Amino acid sequence: MNYEFDWSSIPGALPFLWEGMKVSLEITVTAVIVGIVWGTLLALMRLGTIKPLAWFAAGYVNLFRAIPLVMVLLWFFLIVPQLLKGFLNLDPNTDVRLTSAMVGFALFESAYYSEIIRAGIQSVPKGQVSAASALGMTYAQAMRLVVLPQAFRNMVPLLLTQAIVLFQDTSLVYVSALADFFGAAYKVGDRDGRLVELLLFAGAVYFVLCFSLSQVVRRLQKRMATV
Amino acid sequence: MSYNWNWSIFSSPVPTGETTYLGWMLAGLQTTVALSLSAWVIALLLGSLMGVLRTVPHKGLSRFAGAYVEVFRNIPLLVQLFIWYFVLPELLPFGLGDAFKQKLNPVTQQFVAAMVCLAFFTSARVCEQVRSGIDALPRGQKNAGLALGFTLGQTYRHVLLPMAFRLIVPPLTSEFLNIFKNSAVCSTIGLLELAAQGRQLVDYTAQPYESFIAVTVLYLLINVVVMSLMRVVEARTRVPGYIGGK
């Protein structure tokens with residue numbers, strides 16, 4: 001091994017890398033929130049009695065789960081800017097890559113969240129729904145007040161695990177040259193000719209963050225299992 | 001917004017003239033399939049080995065396999081790929097790295113790095129499935145094997161693994177599907193697989209919708225083919241008496 005490491009370009013680049021990390025986190029948080037809301041609606045449609053809605057939800061979920069995320073992102077980087085610029089009369093030079101990334105991730109992840117949530121809803125005993133309707137609740141009330149609160153409680157660990165996966169996946173915005181954490185690290189490494197150090201640093205940061213979060217999830221899972 | 005649809009673009013020749021744009025697409029499809037299949041074979045072997053190590057009654061070995069899984073699960077695939085492709089050749093000892101960079105042509109370099117990366121990434125997931133398959137078996141199976149005088153290796157070989165593998169066919173199916181989807185990430189190091197060919201087509205023809213639709217349809221096709229194939233395997237390997245069994 002004759003490679004000589006030189007880590008000196010990292011300290012000076014930390015503010016730039018932090019800006020990138022903020023982009024990664026921004027995309028993750030938006031996609032998690034939208035993903036859970038839209039995913040819940042998709043799950044409800046799929047489990048509901050209205051056939052066309054159930055078909056739509058099933059088609060949506062299966063489509064997004066069959067296409068690589070890279071392809072979905074490329075689609076959104078192509079379409080979203082055109083739509084936004086067409087409808088809002090934006091200046092053609094406006095940078096809408098972040099918005100495109102957010103929309104793409106949110107719609108893509110909803111498909112995965114919807115499957116988790118569907119399993120969660122199905123894990124609530126049927127008697128609960130019957131009991132709710134026996135008490136005079138409508139379907140919507142039963143879902144909102146009885147089924148979903150219990151389902152979500154069981155799903156918290158899975159939803160968090162999916163969020164960790166999503167956070168790792170945000171590095172793929174690299175395909176649009178948007179400077180998220182990984183993109184920033186790559187740029188610095190490329191500029192200083194220190195790609196080896198910066199890539200290893202980025203890998204280490206992702207590992208520490210995701211590993212500690214997954215340990216938290218594991219602990220949460222254990223604690224909830226005993227209740 | 002007016003867009004000029006032109007599907008005949010696929011039958012027109014590429015600038016260098018040796019093939020059509022459809023030929024490029026199919027070449028990309030071929031690379032995607034070859035890459036995913038070769039990575040899958042390695043991932044299955046490596047993942048099974050790690051899954052066994054994870055369950056053996058030896059603290060050191062099972063910890064090693066546990067750490068292996070955590071490393072490959074908690075670093076994004078893209079970062080892993082760049083480390084395999086850009087970092088490792090610099091760090092390999094005995095001139096192996098230089099041999100990789102100088103002796104192999106760039107396309108082979110990209111393919112090998114992508115294959116190894118996908119294989120290791122997926123093997124960590126396979127490892128977890130194999131472990132859960134072995135854990136799902138009643139403890140008595142292993143004890144019975146040992147009581148009959150099998151060595152630990154024989155117990156795994158003849159009692160635990162044949163059963164565990166049949167139990168984990170459905171989750172392995174979804175990992176198999178994932179490896180095809182994950183292979184699209186390898187377009188980032190310049191490997192001309194399906195997604196990369198799609199982008200190249202956009203650059204050359206300025207017909208983004210046709211190219212992306214074609215690529216998306218081909219990915220859906222891969223998905224359908226793999227799923228129907230695995231459905232046959234699942235039906236053949238189902239264990240009677242278990243959930244999902246006959």
# chains A, B, ... in the order shown; residues from 1 in each chain; ligands from 1
$ residues_around --residues "range 201-210 of chain B" --least-positions-apart "2" --cutoff "10 Å" --atoms "only C-alpha atoms" --output "mmCIF file with C-alpha atoms, in the first residue's frame"
data_model
loop_
_atom_site.group_PDB
_atom_site.id
_atom_site.type_symbol
_atom_site.label_atom_id
_atom_site.label_comp_id
_atom_site.auth_asym_id
_atom_site.auth_seq_id
_atom_site.Cartn_x
_atom_site.Cartn_y
_atom_site.Cartn_z
ATOM 1 C CA LEU A 74 -34.467 11.118 -13.928
ATOM 2 C CA TRP A 75 -38.157 11.278 -14.836
ATOM 3 C CA LEU A 78 -37.179 15.950 -16.691
ATOM 4 C CA ILE A 79 -40.868 16.590 -16.063
ATOM 5 C CA TYR B 3 -43.618 18.057 -27.805
ATOM 6 C CA ASN B 4 -42.797 16.320 -31.045
ATOM 7 C CA TRP B 5 -43.267 12.621 -30.522
ATOM 8 C CA ASN B 6 -41.034 10.568 -32.736
ATOM 9 C CA TRP B 7 -41.017 6.859 -32.015
ATOM 10 C CA SER B 8 -39.186 6.045 -35.225
ATOM 11 C CA ILE B 9 -36.071 7.401 -33.528
ATOM 12 C CA PHE B 10 -35.328 3.894 -32.300
ATOM 13 C CA VAL B 14 -26.512 6.044 -34.197
ATOM 14 C CA PRO B 15 -23.881 8.644 -35.243
ATOM 15 C CA TYR B 21 -30.668 3.468 -31.152
ATOM 16 C CA LEU B 22 -32.715 0.366 -30.430
ATOM 17 C CA TRP B 24 -28.033 0.750 -27.882
ATOM 18 C CA MET B 25 -31.087 0.081 -25.719
ATOM 19 C CA ALA B 195 -30.465 3.622 -17.400
ATOM 20 C CA ALA B 196 -27.219 5.069 -18.766
ATOM 21 C CA GLN B 197 -28.191 4.171 -22.325
ATOM 22 C CA GLY B 198 -31.469 5.980 -21.719
ATOM 23 C CA ARG B 199 -29.640 9.149 -20.708
ATOM 24 C CA PHE B 212 -37.270 7.215 -20.751
ATOM 25 C CA ILE B 213 -40.516 5.433 -21.590
ATOM 26 C CA ALA B 214 -38.555 2.707 -23.392
ATOM 27 C CA VAL B 215 -36.142 2.292 -20.469
ATOM 28 C CA THR B 216 -38.975 2.243 -17.931
#
$ select_by_dssp --residues "range 20-96 of chain A" --states "alpha helix (DSSP H)" --output "VMD selection string"
chain A and resid 20 to 47 51 to 66 69 to 88
$ write_last_selection --atoms "C-alpha atoms" --output "tab-separated table (two decimals), in the first residue's frame"
chain	number	residue	atom	x	y	z
A	20	GLY	CA	-24.94	19.57	1.67
A	21	MET	CA	-26.07	17.63	4.73
A	22	LYS	CA	-28.88	20.16	5.18
A	23	VAL	CA	-30.06	19.45	1.62
A	24	SER	CA	-29.99	15.69	2.32
A	25	LEU	CA	-31.97	16.13	5.54
A	26	GLU	CA	-34.43	18.53	3.91
A	27	ILE	CA	-35.21	15.99	1.17
A	28	THR	CA	-35.44	13.16	3.72
A	29	VAL	CA	-37.83	15.01	6.04
A	30	THR	CA	-40.10	16.20	3.23
A	31	ALA	CA	-40.21	12.75	1.67
A	32	VAL	CA	-40.92	11.06	5.02
A	33	ILE	CA	-43.80	13.43	5.89
A	34	VAL	CA	-45.39	13.44	2.43
A	35	GLY	CA	-44.65	9.72	2.08
A	36	ILE	CA	-46.48	8.83	5.29
A	37	VAL	CA	-49.51	11.04	4.54
A	38	TRP	CA	-49.86	10.01	0.88
A	39	GLY	CA	-48.88	6.44	1.78
A	40	THR	CA	-51.67	6.25	4.37
A	41	LEU	CA	-54.20	7.51	1.82
A	42	LEU	CA	-52.95	4.93	-0.71
A	43	ALA	CA	-53.20	2.15	1.88
A	44	LEU	CA	-56.75	3.19	2.79
A	45	MET	CA	-57.73	3.30	-0.88
A	46	ARG	CA	-56.24	-0.13	-1.43
A	47	LEU	CA	-58.05	-1.66	1.55
A	51	LYS	CA	-62.86	-0.77	-6.64
A	52	PRO	CA	-61.44	1.90	-8.99
A	53	LEU	CA	-59.59	3.57	-6.10
A	54	ALA	CA	-58.22	0.21	-4.96
A	55	TRP	CA	-57.01	-0.51	-8.49
A	56	PHE	CA	-55.43	2.91	-8.76
A	57	ALA	CA	-53.58	2.47	-5.46
A	58	ALA	CA	-52.41	-1.04	-6.38
A	59	GLY	CA	-51.22	0.16	-9.79
A	60	TYR	CA	-49.41	3.13	-8.30
A	61	VAL	CA	-47.62	1.07	-5.67
A	62	ASN	CA	-46.63	-1.72	-8.04
A	63	LEU	CA	-45.42	0.69	-10.70
A	64	PHE	CA	-43.17	2.65	-8.36
A	65	ARG	CA	-41.85	-0.49	-6.72
A	66	ALA	CA	-40.89	-1.98	-10.07
A	69	LEU	CA	-35.14	4.99	-7.99
A	70	VAL	CA	-32.52	6.40	-10.38
A	71	MET	CA	-35.04	6.16	-13.21
A	72	VAL	CA	-37.79	7.80	-11.14
A	73	LEU	CA	-35.45	10.66	-10.28
A	74	LEU	CA	-34.47	11.12	-13.93
A	75	TRP	CA	-38.16	11.28	-14.84
A	76	PHE	CA	-38.83	13.92	-12.23
A	77	PHE	CA	-35.81	15.98	-13.17
A	78	LEU	CA	-37.18	15.95	-16.69
A	79	ILE	CA	-40.87	16.59	-16.06
A	80	VAL	CA	-41.23	18.65	-12.89
A	81	PRO	CA	-39.21	21.65	-14.13
A	82	GLN	CA	-41.27	21.80	-17.32
A	83	LEU	CA	-44.57	21.58	-15.45
A	84	LEU	CA	-43.57	24.15	-12.85
A	85	LYS	CA	-42.21	26.53	-15.44
A	86	GLY	CA	-45.27	26.03	-17.61
A	87	PHE	CA	-47.80	26.66	-14.85
A	88	LEU	CA	-46.06	29.25	-12.71
$ residues_around --residues "Leu192 in chain B" --least-positions-apart "6" --cutoff "9 Å" --atoms "only C-alpha atoms" --output "list in words"
Ala27, Gly28, Thr31, Thr32, Val107, Cys186 and Gln200 of chain B
$ write_last_selection --atoms "N, CA and C atoms" --output "short mmCIF file (atom, residue, chain, number, x, y, z; two decimals), in the first residue's frame"
data_model
loop_
_atom_site.label_atom_id
_atom_site.label_comp_id
_atom_site.auth_asym_id
_atom_site.auth_seq_id
_atom_site.Cartn_x
_atom_site.Cartn_y
_atom_site.Cartn_z
N ALA B 27 -28.32 -3.27 -25.96
CA ALA B 27 -26.99 -3.49 -25.38
C ALA B 27 -27.03 -3.13 -23.90
N GLY B 28 -27.74 -2.03 -23.58
CA GLY B 28 -27.87 -1.63 -22.19
C GLY B 28 -28.61 -2.68 -21.38
N THR B 31 -26.32 -5.54 -20.63
CA THR B 31 -25.38 -5.25 -19.54
C THR B 31 -26.08 -5.32 -18.20
N THR B 32 -27.28 -4.72 -18.11
CA THR B 32 -28.02 -4.76 -16.86
C THR B 32 -28.26 -6.19 -16.41
N VAL B 107 -14.14 -0.38 -19.61
CA VAL B 107 -15.47 -0.99 -19.50
C VAL B 107 -15.43 -2.17 -18.53
N CYS B 186 -25.38 1.94 -10.98
CA CYS B 186 -24.05 1.80 -11.59
C CYS B 186 -23.87 2.67 -12.82
N GLN B 200 -28.03 8.54 -22.42
CA GLN B 200 -27.23 8.80 -23.61
C GLN B 200 -28.13 9.10 -24.80
#
$ closest_atom_pairs --of "chain A" --to "chain B" --cutoff "8 Å" --atoms "only C-alpha atoms" --output "Markdown table"
| residue | atom | partner | partner_atom | distance |
| --- | --- | --- | --- | --- |
| A:Met1 | CA | B:Pro93 | CA | 4.5 |
| A:Asn2 | CA | B:Leu91 | CA | 7.4 |
| A:Tyr3 | CA | B:Leu91 | CA | 6.2 |
| A:Leu63 | CA | B:Leu220 | CA | 7.9 |
| A:Ala66 | CA | B:Leu220 | CA | 6.0 |
| A:Ile67 | CA | B:Tyr219 | CA | 6.2 |
| A:Pro68 | CA | B:Lys181 | CA | 4.4 |
| A:Leu69 | CA | B:Lys181 | CA | 7.5 |
| A:Val70 | CA | B:Ala184 | CA | 6.3 |
| A:Met71 | CA | B:Ala195 | CA | 6.7 |
| A:Trp75 | CA | B:Phe212 | CA | 7.2 |
| A:Leu78 | CA | B:Pro208 | CA | 7.9 |
| A:Gly86 | CA | B:Met1 | CA | 7.3 |
| A:Gln168 | CA | B:Pro76 | CA | 4.7 |
| A:Asp169 | CA | B:Pro76 | CA | 6.4 |
| A:Ser171 | CA | B:Leu78 | CA | 6.8 |
| A:Leu172 | CA | B:Leu78 | CA | 6.8 |
| A:Val175 | CA | B:Thr188 | CA | 7.0 |
| A:Phe182 | CA | B:Val79 | CA | 7.6 |
| A:Leu195 | CA | B:Val87 | CA | 7.6 |
| A:Val196 | CA | B:Val87 | CA | 5.0 |
| A:Leu199 | CA | B:Ile83 | CA | 6.4 |
| A:Leu200 | CA | B:Ile83 | CA | 7.1 |
| A:Ala202 | CA | B:Val79 | CA | 7.5 |
| A:Gly203 | CA | B:Ile75 | CA | 5.9 |
| A:Ala204 | CA | B:Ile75 | CA | 7.8 |
| A:Tyr206 | CA | B:Ile75 | CA | 5.6 |
| A:Phe207 | CA | B:Asn74 | CA | 5.0 |
| A:Cys210 | CA | B:Asn74 | CA | 5.4 |
| A:Phe211 | CA | B:Asn74 | CA | 5.9 |
$ closest_residue --among "B:Thr20, B:Met230, B:Ser48, B:Ser211" --to "Ser123 in chain B" --atoms "only C-alpha atoms"
B:Ser48
$ residues_around --residues "Gln221 in chain A" --least-positions-apart "3" --cutoff "12 Å" --atoms "only C-alpha atoms" --output "ChimeraX atom specification"
/A:153-161,214-218,224-227
$ write_last_selection --atoms "N, CA and C atoms" --output "PDB file, in the first residue's frame"
ATOM      1  N   ARG A 153     -48.793   2.840  15.959  1.00  0.00           N
ATOM      2  CA  ARG A 153     -47.967   2.481  17.102  1.00  0.00           C
ATOM      3  C   ARG A 153     -47.119   1.252  16.799  1.00  0.00           C
ATOM      4  N   ASN A 154     -47.729   0.271  16.138  1.00  0.00           N
ATOM      5  CA  ASN A 154     -46.978  -0.942  15.794  1.00  0.00           C
ATOM      6  C   ASN A 154     -45.948  -0.693  14.704  1.00  0.00           C
ATOM      7  N   MET A 155     -46.221   0.351  13.895  1.00  0.00           N
ATOM      8  CA  MET A 155     -45.388   0.530  12.710  1.00  0.00           C
ATOM      9  C   MET A 155     -44.170   1.413  12.936  1.00  0.00           C
ATOM     10  N   VAL A 156     -44.128   2.124  14.078  1.00  0.00           N
ATOM     11  CA  VAL A 156     -43.069   3.118  14.264  1.00  0.00           C
ATOM     12  C   VAL A 156     -41.669   2.597  13.900  1.00  0.00           C
ATOM     13  N   PRO A 157     -41.270   1.411  14.407  1.00  0.00           N
ATOM     14  CA  PRO A 157     -39.921   0.954  14.049  1.00  0.00           C
ATOM     15  C   PRO A 157     -39.727   0.790  12.543  1.00  0.00           C
ATOM     16  N   LEU A 158     -40.728   0.196  11.864  1.00  0.00           N
ATOM     17  CA  LEU A 158     -40.591  -0.012  10.419  1.00  0.00           C
ATOM     18  C   LEU A 158     -40.530   1.306   9.662  1.00  0.00           C
ATOM     19  N   LEU A 159     -41.364   2.273  10.095  1.00  0.00           N
ATOM     20  CA  LEU A 159     -41.360   3.575   9.429  1.00  0.00           C
ATOM     21  C   LEU A 159     -40.004   4.249   9.592  1.00  0.00           C
ATOM     22  N   LEU A 160     -39.423   4.120  10.783  1.00  0.00           N
ATOM     23  CA  LEU A 160     -38.115   4.731  11.017  1.00  0.00           C
ATOM     24  C   LEU A 160     -37.031   4.040  10.192  1.00  0.00           C
ATOM     25  N   THR A 161     -37.098   2.702  10.130  1.00  0.00           N
ATOM     26  CA  THR A 161     -36.120   1.979   9.324  1.00  0.00           C
ATOM     27  C   THR A 161     -36.191   2.438   7.873  1.00  0.00           C
ATOM     28  N   SER A 214     -30.217   3.261  13.680  1.00  0.00           N
ATOM     29  CA  SER A 214     -30.803   1.918  13.641  1.00  0.00           C
ATOM     30  C   SER A 214     -30.708   1.249  15.013  1.00  0.00           C
ATOM     31  N   GLN A 215     -29.670   1.618  15.812  1.00  0.00           N
ATOM     32  CA  GLN A 215     -29.599   1.088  17.176  1.00  0.00           C
ATOM     33  C   GLN A 215     -30.752   1.630  18.009  1.00  0.00           C
ATOM     34  N   VAL A 216     -31.071   2.934  17.817  1.00  0.00           N
ATOM     35  CA  VAL A 216     -32.203   3.536  18.533  1.00  0.00           C
ATOM     36  C   VAL A 216     -33.489   2.798  18.173  1.00  0.00           C
ATOM     37  N   VAL A 217     -33.658   2.535  16.861  1.00  0.00           N
ATOM     38  CA  VAL A 217     -34.856   1.836  16.412  1.00  0.00           C
ATOM     39  C   VAL A 217     -34.938   0.455  17.063  1.00  0.00           C
ATOM     40  N   ARG A 218     -33.778  -0.218  17.128  1.00  0.00           N
ATOM     41  CA  ARG A 218     -33.767  -1.562  17.710  1.00  0.00           C
ATOM     42  C   ARG A 218     -34.211  -1.516  19.172  1.00  0.00           C
ATOM     43  N   MET A 224     -41.106  -1.729  22.837  1.00  0.00           N
ATOM     44  CA  MET A 224     -42.510  -1.852  22.451  1.00  0.00           C
ATOM     45  C   MET A 224     -42.962  -3.289  22.463  1.00  0.00           C
ATOM     46  N   ALA A 225     -42.030  -4.214  22.229  1.00  0.00           N
ATOM     47  CA  ALA A 225     -42.407  -5.627  22.184  1.00  0.00           C
ATOM     48  C   ALA A 225     -42.906  -6.106  23.537  1.00  0.00           C
ATOM     49  N   THR A 226     -42.401  -5.485  24.629  1.00  0.00           N
ATOM     50  CA  THR A 226     -42.789  -5.961  25.940  1.00  0.00           C
ATOM     51  C   THR A 226     -44.155  -5.424  26.351  1.00  0.00           C
ATOM     52  N   VAL A 227     -44.589  -4.315  25.744  1.00  0.00           N
ATOM     53  CA  VAL A 227     -45.879  -3.737  26.124  1.00  0.00           C
ATOM     54  C   VAL A 227     -47.007  -4.642  25.640  1.00  0.00           C
TER      55      VAL A 227
END
$ residues_around --residues "Tyr156 in chain B" --least-positions-apart "5" --cutoff "9 Å" --atoms "only C-alpha atoms" --output "JSON, numbers by chain"
{"B": [52, 142, 145, 151, 161, 162]}
$ decode --residues "range 10-73 of chain B" --atoms "C-alpha atoms" --output "short mmCIF file (atom, residue, chain, number, x, y, z; two decimals), in the first residue's frame"
data_model
loop_
_atom_site.label_atom_id
_atom_site.label_comp_id
_atom_site.auth_asym_id
_atom_site.auth_seq_id
_atom_site.Cartn_x
_atom_site.Cartn_y
_atom_site.Cartn_z
CA PHE B 10 -35.33 3.89 -32.30
CA SER B 11 -34.88 2.55 -35.81
CA SER B 12 -32.55 5.31 -36.96
CA PRO B 13 -28.81 4.66 -36.90
CA VAL B 14 -26.51 6.04 -34.20
CA PRO B 15 -23.88 8.64 -35.24
CA THR B 16 -21.15 6.03 -35.56
CA GLY B 17 -23.46 4.04 -37.81
CA GLU B 18 -22.79 0.52 -36.60
CA THR B 19 -26.20 0.05 -34.97
CA THR B 20 -29.54 1.72 -34.32
CA TYR B 21 -30.67 3.47 -31.15
CA LEU B 22 -32.71 0.37 -30.43
CA GLY B 23 -29.42 -1.54 -30.59
CA TRP B 24 -28.03 0.75 -27.88
CA MET B 25 -31.09 0.08 -25.72
CA LEU B 26 -30.73 -3.66 -26.09
CA ALA B 27 -26.99 -3.49 -25.38
CA GLY B 28 -27.87 -1.63 -22.19
CA LEU B 29 -30.46 -4.25 -21.29
CA GLN B 30 -27.88 -6.96 -21.85
CA THR B 31 -25.38 -5.25 -19.54
CA THR B 32 -28.02 -4.76 -16.86
CA VAL B 33 -29.02 -8.42 -16.98
CA ALA B 34 -25.43 -9.72 -17.10
CA LEU B 35 -24.39 -7.43 -14.25
CA SER B 36 -27.35 -8.30 -12.05
CA LEU B 37 -27.16 -12.04 -12.62
CA SER B 38 -23.43 -12.31 -11.98
CA ALA B 39 -23.70 -10.13 -8.87
CA TRP B 40 -26.66 -12.21 -7.68
CA VAL B 41 -24.71 -15.47 -7.89
CA ILE B 42 -21.87 -14.03 -5.80
CA ALA B 43 -24.32 -12.42 -3.38
CA LEU B 44 -26.12 -15.74 -2.82
CA LEU B 45 -22.90 -17.64 -2.09
CA LEU B 46 -21.36 -14.93 0.08
CA GLY B 47 -24.64 -14.14 1.81
CA SER B 48 -25.28 -17.80 2.64
CA LEU B 49 -21.79 -18.15 4.07
CA MET B 50 -22.26 -15.03 6.21
CA GLY B 51 -25.75 -16.12 7.25
CA VAL B 52 -24.34 -19.44 8.49
CA LEU B 53 -21.50 -17.67 10.32
CA ARG B 54 -24.08 -15.41 11.95
CA THR B 55 -25.83 -18.41 13.53
CA VAL B 56 -22.91 -20.66 14.50
CA PRO B 57 -22.22 -21.06 18.23
CA HIS B 58 -18.99 -19.07 18.07
CA LYS B 59 -18.98 -15.51 19.43
CA GLY B 60 -16.16 -14.22 17.24
CA LEU B 61 -17.55 -15.53 13.97
CA SER B 62 -21.12 -14.43 14.58
CA ARG B 63 -19.90 -10.97 15.64
CA PHE B 64 -17.81 -10.72 12.49
CA ALA B 65 -20.84 -11.56 10.34
CA GLY B 66 -22.95 -9.10 12.32
CA ALA B 67 -20.45 -6.29 11.74
CA TYR B 68 -20.29 -7.23 8.06
CA VAL B 69 -24.04 -6.79 7.72
CA GLU B 70 -24.04 -3.45 9.57
CA VAL B 71 -21.27 -2.01 7.38
CA PHE B 72 -22.97 -2.88 4.11
CA ARG B 73 -26.43 -1.88 5.29
#
